[in-house]
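Each remark here refers to the structure printed beneath this line.
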Amino acid sequence: MKIPRILITAPKSGSGKTLITCGILELLKRTGRNVSAFKCGPDYIDPMFHHHVQNVPGGNLDSFLMGQDGVRYSFAKHGRNSTAVLEGVMGYYDGSSSRNTSASSYEIACLTDTPAILIVDARGAYLSAAAVVNGFAGFRKDSHIAGVLLNHTRGRVYESMKELIERETGVPVLGYVPELKDCVLESRHLGLVLPDEVTGLSGQLASLCDTLAETIDLQSLLAIADRAPEIPESWLVSPFAGITAAARKRKRRIGLADDEAFCFYYRDNLELLEESGASLVRFSPIHDKALPEKLDGLLLYGGYPEIYAEALSKNTEMRNAVRKAVLGGMHCIAECGGFLYLLEELEDLNGHSWPMAGVLKGRGYRTPHLTRFGYVNLECGTVFGKDIGPLRAHEFHYFDAENCGTGFQAKKPESGRNWPCIYSTETLLAGFPHIHYYSRPEIAEQFLTVPPDENRKA
């Protein structure tokens, strides 16, 4: 199966990967190609720029959360019949461990046999830029680095830098990106601001695309993508087919919180639930006054409830409906922001506490730094009353709670540091960790095992 593809990477975070990836996606769309986009790692926001703003389908590729088979299946499933652009995470060789390349962009390039394009920030550098390229291309024999883009470079010095780098390293330089003061993606405490919050974003991306059309050698970039090896048809065979086929007989109507406050979810998680018999009904805890009718379960994923705490609190009808449904026994998964919503109170960014759903005791509050962030293994717990084995998850939050639950023990994969987390009962799974169901697809099966008529109290 032929999937032309490239991976956009850099020596470190903050090198302009997201902006340049968005510009390249727009360029490829202008050629008339079908395009798909993927984000390496667990990030939720970058795929929103790919999908919601540019209408490019895709998802996440994370070898720690999804496993090697899961990465290949998701890539083949969502990338077929398209030209795929993969956006890297952190530095190219950085991943879940400081000692190896596990869960790095480099590992994703290896798993999917994808040529990588290295973005090099050339501000204040000349020959040193060649040293960076040479170091990254030679750090592993199979580095997959097939080209270079120079960022923050002026046109009048580009040609001489291109000649120098190609002579010293043998790696082709495919273009440059000048200083773009009018096209900047701003950040907040969890990363980039959400796409809908950026004024004039579509215009900015169109202007970026116009610039890159003049400064990037698109034909050479496409030639590299087109030379990517074919992938086996076997990658399209779901590694979870046995579980989803058994569960598909159940028809479950699941409420999915989806608005400004709750928008962090993995596409593969939702599709796995649908493949297991779920019908997802989206609703807004901010704007709707009642839950959708005849629900069998609730999904409250992460997002920015702290920004919208006042609006969430003032929607007393919805808070009461959620509390009644969950305390009444409706199956519920609540992650990070969704977990904070289930508490009695949540502090906003100004330090004011607002009443929340009140399903769980305690208050959510802001901390001055990231709290328990990174990959974790979840052990010694049950999912809706059943031991299905250890889970893999990711945490990234500035907020904490007075009581985070004791249903699981979270353990860092490298240091071994551990702590209790998650409220886990026969009907509820709620805590800070974000779980990718590919790590343990039985989660979807357990979530949907509730008898369909028993919990329709919404």
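A note on labels: chains of the structure tokens are A, B, ... as shown, every chain counts residues from 1, and ligands are counted from 1 in their shown order.
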
Show me, as a count of residues only, the residues that have an atom within 8 Å of Leu7 in chain A when counting only C-alpha atoms, minus same-chain residues fewer than 5 positions from it. 9

Shell around Glu168 in chain A at 9 Å using only C-alpha atoms, local window under 2 positions removed, as a PyMOL selection string: chain A and resi 130-131+134+163-166+170-171

By how many Å are CA of Tyr423 in chain A and CA of Asp43 in chain A apart?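 Calculated distance between CA of Tyr423 in chain A and CA of Asp43 in chain A is 23.8 Å.
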
Can you measure CA of Tyr375 in chain A to CA of Pro413 in chain A for me? One decimal in Å is fine.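 Taking CA of Tyr375 in chain A as the start and CA of Pro413 in chain A as the end point, the length is 7.2 Å.
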
Name the residues of range 275-450 of chain A that fall into helix (DSSP H, G or I) according to DSSP on the backbone, using the chain letters and numbers of this document, as a PyMOL selection string. chain A and resi 275+309-314+316-327+337-342+437-439+442-447

Work out how far apart CA of Val383 in chain A and CA of Phe408 in chain A are and give it in Å to one decimal.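 It comes out at 9.7 Å.
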
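Minimum distance to Ala213 in chain A across A:Val177, A:Leu127, A:Leu61, A:Glu306 (counting only C-alpha atoms) occurs at A:Val177.
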
Taking into account only C-alpha atoms, which residue in the set A:Thr18, A:Ser439, A:Ser143, A:Ser98 is nearest to Leu272 in chain A? A:Ser439

Quick one: residues within 8 Å of Gly362 in chain A, only C-alpha atoms counted, chain neighbours fewer than 4 positions away excluded, as a PyMOL selection string? chain A and resi 343-345+401-403

Could you name the residues that touch Ala311 in chain A at 12 Å or less, counting only C-alpha atoms, but leaving out those on the same chain fewer than 4 positions away, as a ChimeraX atom specification? /A:259-261,284-289,304-307,315-319,341,346,348,354-356

Near-Met1 in chain A list (8 Å; only C-alpha atoms; drop same-chain fewer than 3 positions) as a list of chain:residue names: A:Arg80, A:Glu230, A:Ile231, A:Pro232, A:Glu233

Selected residues written out with C-alpha atoms, as a PDB file, in the first residue's frame:
ATOM      1  CA  ARG A  80      -4.331   5.478   3.295  1.00  0.00           C
ATOM      2  CA  GLU A 230       5.151   0.934   0.525  1.00  0.00           C
ATOM      3  CA  ILE A 231       3.671  -0.415   3.734  1.00  0.00           C
ATOM      4  CA  PRO A 232       2.198  -3.904   4.187  1.00  0.00           C
ATOM      5  CA  GLU A 233      -1.558  -4.346   3.818  1.00  0.00           C
TER       6      GLU A 233
END

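With distances restricted to only C-alpha atoms, A:Gly175 is the closest residue to Leu218 in chain A from A:Gly364, A:Gly70, A:Gly175, A:Gly374.
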
Strand (DSSP E) per DSSP on the backbone: members of range 124-368 of chain A, as JSON, numbers by chain: {"A": [145, 146, 147, 148, 149, 150, 151, 173, 174, 175, 176, 177, 187, 188, 191, 192, 252, 253, 254, 255, 256, 257, 262, 263, 264, 278, 279, 280, 281, 282, 283, 297, 298, 299, 300, 302, 303, 331, 332, 333, 334, 335, 343, 344, 345, 346, 347, 353, 354, 355, 360, 361, 362, 363, 364, 365, 366, 367, 368]}

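Closest approach to Leu28 in chain A among A:Lys386, A:Gly95, A:Ala225, A:Ser13 is made by A:Ala225 (distances from only C-alpha atoms).
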